[in-house]
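Participant: Below you'll find start05.txt; it's compact mmCIF, C-alpha atoms.
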# COMPACT_ATOMS: atom_id res chain seq x y z
CA MET T 1 0.00 0.00 0.00
CA GLY T 2 1.33 3.41 -1.00
CA LYS T 3 2.46 6.06 1.38
CA LYS T 4 3.60 9.59 0.78
CA ILE T 5 5.06 12.41 2.80
CA MET T 6 4.11 16.01 2.23
CA VAL T 7 5.51 19.18 3.73
CA ARG T 8 3.09 22.04 4.35
CA PHE T 9 3.35 24.83 6.87
CA PHE T 10 0.36 26.44 8.53
CA THR T 11 0.80 29.17 11.12
CA ILE T 12 -1.18 29.09 14.35
CA PRO T 13 -4.45 30.68 13.20
CA GLU T 14 -4.55 28.65 9.98
CA TYR T 15 -6.05 25.41 11.29
CA GLU T 16 -9.08 25.83 9.02
CA ARG T 17 -6.80 25.90 5.97
CA GLU T 18 -5.02 22.84 7.31
CA CYS T 19 -8.37 21.00 7.52
CA LEU T 20 -9.20 21.95 3.91
CA PHE T 21 -5.77 20.73 2.79
CA LEU T 22 -6.36 17.35 4.49
CA GLN T 23 -9.85 17.12 2.98
CA GLU T 24 -8.40 17.82 -0.48
CA GLN T 25 -5.79 15.05 -0.02
CA HIS T 26 -8.50 12.56 0.98
CA ARG T 27 -10.54 13.60 -2.08
CA GLN T 28 -7.51 12.64 -4.18
CA GLY T 29 -7.18 9.27 -2.46
CA TRP T 30 -4.71 10.04 0.31
CA LYS T 31 -5.86 9.71 3.91
CA LEU T 32 -3.93 11.27 6.76
CA ASP T 33 -1.90 8.74 8.70
CA ALA T 34 0.34 10.81 10.98
CA VAL T 35 2.00 14.14 11.57
CA TYR T 36 5.65 13.61 12.43
CA PHE T 37 6.91 17.08 12.96
CA PRO T 38 5.30 20.50 12.54
CA GLY T 39 4.55 20.64 8.82
CA ILE T 40 5.41 17.03 7.92
CA TYR T 41 2.36 14.93 7.02
CA LEU T 42 2.28 11.21 6.26
CA PHE T 43 -0.54 9.98 4.01
CA GLU T 44 -1.68 6.50 3.09
CA ALA T 45 -3.31 5.60 -0.24
CA CYS T 46 -7.07 5.00 0.00
CA GLU T 47 -10.29 5.18 -2.02
CA PRO T 48 -10.92 8.83 -2.93
CA GLU T 49 -13.72 10.12 -0.70
CA GLU T 50 -15.26 13.35 0.53
CA VAL T 51 -14.23 13.44 4.21
CA VAL T 52 -14.35 16.44 6.55
CA TYR T 53 -11.28 16.96 8.74
CA GLN T 54 -11.49 19.01 11.95
CA LEU T 55 -9.02 20.16 14.58
CA ASP T 56 -9.81 20.82 18.22
CA PHE T 57 -7.50 22.35 20.77
CA ASN T 58 -8.50 21.22 24.24
CA GLU T 59 -5.86 20.49 26.87
CA GLU T 60 -8.43 19.35 29.41
CA GLY T 61 -9.83 16.87 26.91
CA ARG T 62 -6.43 15.39 26.23
CA LYS T 63 -5.95 14.82 29.95
CA GLU T 64 -9.04 12.61 30.05
CA LEU T 65 -8.77 11.28 26.52
CA HIS T 66 -11.24 8.38 26.93
CA SER T 67 -14.33 10.41 27.74
CA TYR T 68 -13.22 13.24 25.43
CA VAL T 69 -12.86 10.95 22.41
CA GLN T 70 -16.04 9.01 23.29
CA ILE T 71 -18.39 11.92 22.68
CA PHE T 72 -16.81 12.59 19.28
CA ARG T 73 -17.05 8.88 18.43
CA ASP T 74 -20.72 8.84 19.47
CA CYS T 75 -21.32 11.70 17.05
CA GLY T 76 -19.62 9.79 14.24
CA TRP T 77 -16.19 11.46 14.28
CA GLU T 78 -13.10 9.28 14.04
CA TYR T 79 -10.30 10.37 16.38
CA LEU T 80 -6.92 10.13 14.68
CA PHE T 81 -4.29 11.44 17.10
CA SER T 82 -3.16 14.54 18.95
CA PHE T 83 -0.18 16.53 17.84
CA MET T 84 1.23 19.72 19.38
CA GLY T 85 -1.93 20.22 21.40
CA TYR T 86 -4.30 19.77 18.48
CA SER T 87 -6.60 16.75 18.22
CA TYR T 88 -7.39 15.55 14.69
CA PHE T 89 -10.84 14.23 13.77
CA ARG T 90 -12.53 13.19 10.53
CA LYS T 91 -16.00 12.20 9.37
CA PRO T 92 -17.14 11.07 5.89
CA VAL T 93 -19.67 13.40 4.26
CA LYS T 94 -21.88 10.39 3.43
CA ASP T 95 -22.50 9.97 7.19
CA MET T 96 -23.80 13.55 7.51
CA GLN T 97 -27.37 14.71 6.97
CA GLN T 98 -26.34 18.35 6.80
CA GLU T 99 -23.12 20.35 6.75
CA GLU T 100 -21.29 19.44 9.92
CA GLY T 101 -18.25 20.41 11.92
CA ILE T 102 -17.12 19.69 15.46
CA PHE T 103 -18.39 23.15 16.50
CA CYS T 104 -21.96 24.28 15.88
CA ASP T 105 -21.89 27.86 17.15
CA ASP T 106 -19.55 30.83 17.07
CA ALA T 107 -19.35 31.05 20.86
CA SER T 108 -17.59 27.67 20.99
CA ARG T 109 -15.41 28.54 17.97
CA LEU T 110 -14.26 31.64 19.84
CA ASP T 111 -13.68 29.55 22.98
CA MET T 112 -11.34 27.31 21.01
CA MET T 113 -9.43 30.33 19.69
CA ARG T 114 -9.10 31.62 23.25
CA ARG T 115 -7.61 28.28 24.33
CA VAL T 116 -5.15 28.43 21.41
CA PHE T 117 -4.33 32.02 22.29
CA LYS T 118 -3.68 31.19 25.94
CA SER T 119 -1.35 28.26 25.42
CA ARG T 120 0.16 29.11 22.02
CA MET T 121 0.15 32.84 21.43
CA ILE T 122 1.02 34.13 24.89
CA PRO T 123 4.44 32.36 25.00
CA LEU T 124 5.14 33.72 21.50
CA ILE T 125 4.20 37.25 22.55
CA VAL T 126 6.48 37.00 25.61
CA LEU T 127 9.36 35.74 23.45
CA PHE T 128 8.68 38.49 20.95
CA ALA T 129 8.60 41.26 23.55
CA LEU T 130 11.59 40.06 25.59
CA VAL T 131 13.94 38.75 22.91
CA ILE T 132 13.10 39.44 19.31
CA LEU T 133 11.95 43.03 19.59
CA PRO T 134 14.93 44.29 21.68
CA GLN T 135 17.43 42.17 19.74
CA THR T 136 16.26 43.48 16.37
CA PHE T 137 16.86 47.05 17.48
CA LEU T 138 20.08 46.20 19.29
CA GLN T 139 21.49 44.47 16.23
CA ALA T 140 20.36 47.35 14.04
CA SER T 141 22.23 49.86 16.16
CA GLN T 142 25.43 47.79 16.25
CA ARG T 143 25.69 46.86 12.60
CA ASP T 144 29.29 46.93 11.46
CA GLY T 145 30.82 43.54 10.67
CA SER T 146 29.35 40.77 8.57
CA LEU T 147 28.62 38.66 11.66
CA HIS T 148 26.42 41.40 13.03
CA SER T 149 24.68 41.71 9.70
CA PHE T 150 23.91 38.01 9.83
CA PHE T 151 22.30 38.32 13.26
CA PHE T 152 20.55 41.47 12.20
CA TYR T 153 18.93 39.82 9.20
CA THR T 154 18.02 36.74 11.24
CA TYR T 155 16.19 38.90 13.74
CA VAL T 156 14.52 40.95 11.03
CA VAL T 157 13.20 37.74 9.48
CA LEU T 158 11.95 36.53 12.89
CA PHE T 159 10.48 39.95 13.57
CA VAL T 160 8.51 39.95 10.33
CA PHE T 161 7.44 36.32 10.79
CA TYR T 162 6.13 36.97 14.30
CA LEU T 163 4.30 40.09 13.21
CA TYR T 164 2.74 38.06 10.42
CA ILE T 165 1.48 35.43 12.91
CA PHE T 166 0.08 38.08 15.26
CA VAL T 167 -1.70 39.92 12.47
CA ARG T 168 -3.13 36.67 11.08
CA PHE T 169 -4.37 35.64 14.51
CA PHE T 170 -5.88 39.04 15.17
CA LEU T 171 -7.68 39.16 11.82
CA HIS T 172 -8.99 35.62 12.24
CA TYR T 173 -10.20 36.35 15.77
CA ARG T 174 -11.96 39.50 14.60
CA ARG T 175 -13.62 37.66 11.72
CA VAL T 176 -14.99 34.92 14.00
CA SER T 177 -16.12 37.32 16.72
CA ARG T 178 -17.96 39.51 14.20
CA GLN T 179 -19.95 36.67 12.65
CA MET B 1 -25.20 34.54 41.73
CA ASP B 2 -22.01 36.50 41.00
CA THR B 3 -21.38 38.91 38.14
CA HIS B 4 -19.24 36.44 36.16
CA ILE B 5 -22.13 33.96 35.94
CA ARG B 6 -24.55 36.74 34.98
CA LYS B 7 -22.22 38.06 32.34
CA VAL B 8 -21.60 34.67 30.73
CA TYR B 9 -24.99 32.99 31.07
CA VAL B 10 -27.65 35.73 31.11
CA PRO B 11 -28.61 35.66 28.30
CA MET B 12 -27.02 32.42 27.11
CA THR B 13 -26.47 30.73 23.77
CA GLU B 14 -29.07 28.39 22.33
CA THR B 15 -26.66 25.49 22.93
CA GLY B 16 -26.24 26.53 26.56
CA PHE B 17 -29.99 26.73 27.07
CA TYR B 18 -30.65 23.27 25.65
CA ILE B 19 -27.88 21.76 27.76
CA LEU B 20 -29.31 23.20 30.99
CA LEU B 21 -32.86 22.28 29.94
CA CYS B 22 -31.85 18.63 29.39
CA LEU B 23 -29.72 18.39 32.53
CA GLN B 24 -32.73 18.78 34.78
CA GLN B 25 -32.44 14.98 34.43
CA PRO B 26 -29.10 13.14 34.71
CA MET B 27 -27.69 12.77 31.19
CA HIS B 28 -24.41 12.46 29.29
CA GLY B 29 -23.22 14.71 26.45
CA TYR B 30 -24.29 12.45 23.60
CA GLY B 31 -27.64 11.90 25.34
CA ILE B 32 -28.17 15.67 25.19
CA VAL B 33 -27.26 15.71 21.48
CA GLN B 34 -29.91 13.03 20.79
CA LYS B 35 -32.53 14.66 23.00
CA VAL B 36 -32.10 18.07 21.34
CA LYS B 37 -32.26 16.50 17.89
CA GLU B 38 -35.54 14.87 18.87
CA LEU B 39 -36.97 18.03 20.50
CA THR B 40 -36.20 20.19 17.45
CA GLU B 41 -37.11 17.52 14.88
CA GLY B 42 -33.56 17.37 13.58
CA THR B 43 -33.16 21.13 13.12
CA ILE B 44 -30.53 21.56 15.83
CA LEU B 45 -27.63 19.17 15.69
CA LEU B 46 -25.19 19.93 18.51
CA SER B 47 -21.56 19.17 17.68
CA PRO B 48 -19.19 17.25 19.97
CA GLY B 49 -16.55 19.98 20.26
CA THR B 50 -19.18 22.50 21.28
CA MET B 51 -20.81 20.02 23.66
CA TYR B 52 -17.57 18.98 25.35
CA GLY B 53 -16.39 22.59 25.71
CA SER B 54 -19.74 23.79 27.10
CA LEU B 55 -20.04 20.93 29.60
CA SER B 56 -16.56 21.45 31.02
CA LYS B 57 -17.09 25.21 31.22
CA MET B 58 -20.43 24.79 32.98
CA GLU B 59 -18.94 22.25 35.37
CA LYS B 60 -16.14 24.67 36.22
CA ASP B 61 -18.65 27.47 36.79
CA GLY B 62 -20.68 25.24 39.10
CA LEU B 63 -23.85 25.14 36.98
CA ILE B 64 -23.72 21.36 36.56
CA ALA B 65 -22.07 18.57 38.52
CA LEU B 66 -20.56 15.27 37.45
CA LEU B 67 -22.62 12.39 38.87
CA ARG B 68 -20.80 9.35 37.51
CA GLU B 69 -19.14 7.89 34.46
CA GLU B 70 -20.95 5.26 32.38
CA GLU B 71 -18.73 3.48 29.84
CA LYS B 72 -16.47 6.51 29.33
CA ARG B 73 -19.49 8.85 29.15
CA LYS B 74 -19.71 11.49 31.87
CA VAL B 75 -23.19 11.87 33.36
CA TYR B 76 -24.08 15.36 34.61
CA GLN B 77 -27.00 17.03 36.38
CA LEU B 78 -27.93 20.62 37.26
CA THR B 79 -26.76 22.09 40.57
CA ASP B 80 -28.85 24.60 42.55
CA LEU B 81 -26.97 27.42 40.82
CA GLY B 82 -27.71 25.78 37.46
CA CYS B 83 -31.43 25.65 38.30
CA GLU B 84 -31.34 29.32 39.23
CA VAL B 85 -29.64 30.29 35.94
CA LEU B 86 -32.08 28.16 33.93
CA ALA B 87 -35.05 29.79 35.72
CA LEU B 88 -33.71 33.26 34.84
CA GLU B 89 -33.28 32.26 31.20
CA LYS B 90 -36.77 30.75 31.05
CA GLU B 91 -38.20 34.01 32.43
CA ARG B 92 -36.32 35.94 29.77
CA ILE B 93 -37.63 33.72 26.99
CA VAL B 94 -41.23 33.93 28.28
CA ARG B 95 -40.93 37.73 28.31
CA LEU B 96 -39.48 37.64 24.78
CA TYR B 97 -42.37 35.48 23.59
CA ARG B 98 -44.98 37.64 25.30
CA ASN B 99 -43.53 40.82 23.79
CA MET B 100 -43.39 39.22 20.37
CA LYS B 101 -47.13 38.52 20.59
CA GLU B 102 -48.02 41.95 22.00
CA VAL B 103 -45.98 44.27 19.80
CA ARG B 104 -47.04 44.22 16.18
Represent the structure contained in this file as structure tokens.
Facilitator:
Amino acid sequence: MGKKIMVRFFTIPEYERECLFLQEQHRQGWKLDAVYFPGIYLFEACEPEEVVYQLDFNEEGRKELHSYVQIFRDCGWEYLFSFMGYSYFRKPVKDMQQEEGIFCDDASRLDMMRRVFKSRMIPLIVLFALVILPQTFLQASQRDGSLHSFFFYTYVVLFVFYLYIFVRFFLHYRRVSRQ
Amino acid sequence: MDTHIRKVYVPMTETGFYILLCLQQPMHGYGIVQKVKELTEGTILLSPGTMYGSLSKMEKDGLIALLREEEKRKVYQLTDLGCEVLALEKERIVRLYRNMKEVR
């Protein structure tokens, strides 16, 4: 049976895009088997099928995995695994009577984003404020040799990358809370 | 009832209301999903992520209490505080309904 590895990066607020990517792979006959490392997906060949993939982020649930997974299973969702705090679920469209996800109202979608924010974004913001922000300016003011330039550019790249994640998260949060 | 509870649950979401309504009897999460589906003739299908999140939030806020676990399914029931919050919400909905009929 065929297997393939794909590399795709999704930043923190992009879990919906990740789900669509996994759904698209399944449509083409590749079902998700494992995530090895952030961005490295292992797929297994299967019959092409329309299957909805969903991610939840619930630390409490992972602590009592049996009862957490049971309610999803009862509702027809297959639990795959948890990776980096996210739990992966899927359900074939043929088992649904209407459009379905693991969340049915915006209040609970916002709650999930708040959980992601608390355990994922806050450490990033602290790192950004204490290290990357001061270092970027420090390196900028001390630029003379090539070594300094190297550090400077590294921090600029990190600086831009972090800003990108923050802006994405903010925009996503605003979109969900306005719905 | 403290201000946090009032702020979060008065008024509450439709999901929250149905959960409290069902938990006047001991029930587990999937039991609530089935009951609500039956009550609304299939119009409202509660999702597991929403259900799990709401139940653990309500348990933390003291609106419901865990009674026991049946084959990995946690059975909950309303606490006194939960009954109080549900009564407030019912009052609000009755008022809403009455006003809807009166004002034309």
Participant: Return the single residue from T:Val116, T:Glu49, T:Arg175, T:Phe128 that is closest to Thr11 in chain T, with distances computed using all atoms listed in the file.
Facilitator: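 Among the listed residues, the smallest separation from Thr11 in chain T belongs to T:Val116.
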Participant: Find the residues around range 88-97 of chain B up to 7 Å (all atoms listed in the file counted), leave out those fewer than 3 positions away in its own chain, and share them as number ranges by chain.
Facilitator: B: 10-11, 84-85, 100-101
Participant: Quick one: of B:Lys7, B:Arg104, B:His28, B:Arg98, who's nearest to chain T, counting only C-alpha atoms?
Facilitator: B:His28
Participant: Under the rule of at most 10 Å, produce a per-residue listing of chain T near chain B: chain, number, name, the closest pair of atoms, and the distance in Å, as a Markdown table, using all atoms listed in the file.
Facilitator:
| residue | atom | partner | partner_atom | distance |
| --- | --- | --- | --- | --- |
| T:Gln54 | CA | B:Gly49 | CA | 9.8 |
| T:Leu55 | CA | B:Gly49 | CA | 9.4 |
| T:Asp56 | CA | B:Gly49 | CA | 7.1 |
| T:Phe57 | CA | B:Gly49 | CA | 9.4 |
| T:Asn58 | CA | B:Gly53 | CA | 8.1 |
| T:Glu60 | CA | B:Ser56 | CA | 8.5 |
| T:Gly61 | CA | B:Tyr52 | CA | 8.2 |
| T:Glu64 | CA | B:Lys72 | CA | 9.6 |
| T:Leu65 | CA | B:Lys72 | CA | 9.5 |
| T:His66 | CA | B:Lys72 | CA | 6.1 |
| T:Ser67 | CA | B:Lys72 | CA | 4.7 |
| T:Tyr68 | CA | B:Tyr52 | CA | 7.2 |
| T:Val69 | CA | B:Lys72 | CA | 9.0 |
| T:Gln70 | CA | B:Lys72 | CA | 6.6 |
| T:Ile71 | CA | B:Tyr30 | CA | 6.0 |
| T:Phe72 | CA | B:Pro48 | CA | 5.3 |
| T:Arg73 | CA | B:Pro48 | CA | 8.8 |
| T:Asp74 | CA | B:Tyr30 | CA | 6.5 |
| T:Cys75 | CA | B:Pro48 | CA | 6.6 |
| T:Gly76 | CA | B:Pro48 | CA | 9.4 |
| T:Trp77 | CA | B:Pro48 | CA | 8.7 |
| T:Gln97 | CA | B:Gly42 | CA | 9.4 |
| T:Gln98 | CA | B:Leu45 | CA | 9.0 |
| T:Glu100 | CA | B:Ser47 | CA | 7.8 |
| T:Gly101 | CA | B:Ser47 | CA | 6.8 |
| T:Ile102 | CA | B:Gly49 | CA | 4.8 |
| T:Phe103 | CA | B:Thr50 | CA | 4.9 |
| T:Cys104 | CA | B:Ser47 | CA | 5.4 |
| T:Asp105 | CA | B:Thr50 | CA | 7.3 |
| T:Asp106 | CA | B:Thr50 | CA | 9.3 |
| T:Ala107 | CA | B:Thr13 | CA | 7.7 |
| T:Ser108 | CA | B:Thr50 | CA | 5.4 |
| T:Arg109 | CA | B:Thr50 | CA | 7.9 |
| T:Asp111 | CA | B:Gly53 | CA | 8.0 |
| T:Met112 | CA | B:Gly53 | CA | 8.4 |
Participant: Give me the residues near Leu21 in chain B as a ChimeraX atom specification, where near means some atom within 10 Å (using only C-alpha atoms) and where sequence neighbours in that chain fewer than 5 positions away do not count.
Facilitator: /B:15-16,32,36,78,82-83,86-87,90
Participant: Using all atoms listed in the file, which of T:Ser141, T:Ser177, T:Glu18, T:Leu124 sits nearest Phe159 in chain T?
Facilitator: T:Leu124
Participant: Between CA of Val35 in chain T and CA of Thr154 in chain T, measure the distance and give it in Å to one decimal.
Facilitator: 27.7 Å
Participant: Between CA of Leu67 in chain B and CA of Pro26 in chain B, what is the spacing in Å?
Facilitator: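 Interatomic distance, CA of Pro26 in chain B to CA of Leu67 in chain B: 7.7 Å.
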Participant: Between CA of Gly29 in chain T and CA of Arg8 in chain T, what distance in Å does the model show, to one decimal?
Facilitator: 17.7 Å
Participant: Find the smallest box with edges along x, y and z containing every listed atom of range 101-106 of chain T, then add 4 Å on each side and report centre and edge lengths in Å to one decimal, as lines of an AutoDock Vina configuration file.
Facilitator:
center_x = -19.5
center_y = 25.3
center_z = 14.5
size_x = 12.8
size_y = 19.1
size_z = 13.2
Participant: Leaving out Phe81 in chain T and any residue of its chain fewer than 3 positions from it, which residues lie within 9 Å of it when counting only C-alpha atoms, given as a PDB file with C-alpha atoms, in the frame of the given file?
Facilitator:
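Saved as part.pdb:
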ATOM      1  CA  ALA T  34       0.340  10.810  10.980  1.00  0.00           C
ATOM      2  CA  VAL T  35       2.000  14.140  11.570  1.00  0.00           C
ATOM      3  CA  TYR T  86      -4.300  19.770  18.480  1.00  0.00           C
ATOM      4  CA  SER T  87      -6.600  16.750  18.220  1.00  0.00           C
ATOM      5  CA  TYR T  88      -7.390  15.550  14.690  1.00  0.00           C
ATOM      6  CA  PHE T  89     -10.840  14.230  13.770  1.00  0.00           C
TER       7      PHE T  89
END
Participant: Here is a test: counting only C-alpha atoms, which residue of B:Tyr18, B:Thr79, B:Asp2, B:Val8 is nearest to Glu38 in chain B?
Facilitator: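 Closest residue, counting only C-alpha atoms: B:Tyr18.
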Participant: Can you pull out the residues contacting Leu158 in chain T? Cut-off 12 Å, using only C-alpha atoms, and skip same-chain residues under 2 positions away; I want them as a PyMOL selection string.
Facilitator: chain T and resi 124+127-128+131-133+135-136+151-156+160-165
Participant: Could you take the residues named above and write them with C-alpha atoms, as a compact mmCIF listing (two decimals), in the coordinates of the input?
Facilitator:
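Once written, selection-v6.txt looks like this:
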# COMPACT_ATOMS: atom_id res chain seq x y z
CA LEU T 124 5.14 33.72 21.50
CA LEU T 127 9.36 35.74 23.45
CA PHE T 128 8.68 38.49 20.95
CA VAL T 131 13.94 38.75 22.91
CA ILE T 132 13.10 39.44 19.31
CA LEU T 133 11.95 43.03 19.59
CA GLN T 135 17.43 42.17 19.74
CA THR T 136 16.26 43.48 16.37
CA PHE T 151 22.30 38.32 13.26
CA PHE T 152 20.55 41.47 12.20
CA TYR T 153 18.93 39.82 9.20
CA THR T 154 18.02 36.74 11.24
CA TYR T 155 16.19 38.90 13.74
CA VAL T 156 14.52 40.95 11.03
CA VAL T 160 8.51 39.95 10.33
CA PHE T 161 7.44 36.32 10.79
CA TYR T 162 6.13 36.97 14.30
CA LEU T 163 4.30 40.09 13.21
CA TYR T 164 2.74 38.06 10.42
CA ILE T 165 1.48 35.43 12.91
Participant: With distances taken over all atoms listed in the file, which of T:Phe10, T:Phe137, T:Tyr173, T:Phe83 is nearest to Gly39 in chain T?
Facilitator: T:Phe10
Participant: With distances taken over all atoms listed in the file, which of T:Arg114, T:Arg27, T:Lys91, T:Arg174 is nearest to Cys46 in chain T?
Facilitator: T:Arg27
Participant: Any chance you could build range 6-19 of chain B out to N, CA, C and O atoms and write it as a short mmCIF file (atom, residue, chain, number, x, y, z; two decimals), in the coordinates of the input?
Facilitator:
data_model
loop_
_atom_site.label_atom_id
_atom_site.label_comp_id
_atom_site.auth_asym_id
_atom_site.auth_seq_id
_atom_site.Cartn_x
_atom_site.Cartn_y
_atom_site.Cartn_z
N ARG B 6 -23.57 35.91 35.68
CA ARG B 6 -24.55 36.74 34.98
C ARG B 6 -24.05 37.17 33.61
O ARG B 6 -24.79 37.12 32.63
N LYS B 7 -22.79 37.57 33.58
CA LYS B 7 -22.22 38.06 32.34
C LYS B 7 -22.16 36.96 31.27
O LYS B 7 -22.45 37.19 30.11
N VAL B 8 -21.79 35.76 31.69
CA VAL B 8 -21.60 34.67 30.73
C VAL B 8 -22.92 34.00 30.35
O VAL B 8 -23.13 33.63 29.20
N TYR B 9 -23.82 33.85 31.32
CA TYR B 9 -24.99 32.99 31.07
C TYR B 9 -26.34 33.72 30.98
O TYR B 9 -27.35 33.07 30.72
N VAL B 10 -26.37 35.02 31.22
CA VAL B 10 -27.65 35.73 31.11
C VAL B 10 -27.51 36.90 30.16
O VAL B 10 -26.92 37.90 30.53
N PRO B 11 -28.00 36.82 28.92
CA PRO B 11 -28.61 35.66 28.30
C PRO B 11 -27.56 34.65 27.86
O PRO B 11 -26.37 34.97 27.81
N MET B 12 -27.98 33.45 27.52
CA MET B 12 -27.02 32.42 27.11
C MET B 12 -27.23 32.01 25.65
O MET B 12 -28.21 32.42 25.02
N THR B 13 -26.33 31.20 25.14
CA THR B 13 -26.47 30.73 23.77
C THR B 13 -27.58 29.67 23.72
O THR B 13 -27.95 29.10 24.74
N GLU B 14 -28.05 29.41 22.51
CA GLU B 14 -29.07 28.39 22.33
C GLU B 14 -28.54 27.03 22.80
O GLU B 14 -29.25 26.27 23.48
N THR B 15 -27.28 26.75 22.49
CA THR B 15 -26.66 25.49 22.93
C THR B 15 -26.69 25.40 24.45
O THR B 15 -27.08 24.37 25.01
N GLY B 16 -26.27 26.49 25.10
CA GLY B 16 -26.24 26.53 26.56
C GLY B 16 -27.61 26.27 27.16
O GLY B 16 -27.76 25.51 28.12
N PHE B 17 -28.63 26.90 26.57
CA PHE B 17 -29.99 26.73 27.07
C PHE B 17 -30.45 25.27 26.97
O PHE B 17 -30.97 24.70 27.94
N TYR B 18 -30.21 24.66 25.82
CA TYR B 18 -30.65 23.27 25.65
C TYR B 18 -29.91 22.32 26.59
O TYR B 18 -30.48 21.36 27.10
N ILE B 19 -28.64 22.61 26.84
CA ILE B 19 -27.88 21.76 27.76
C ILE B 19 -28.50 21.84 29.16
O ILE B 19 -28.79 20.81 29.78
#
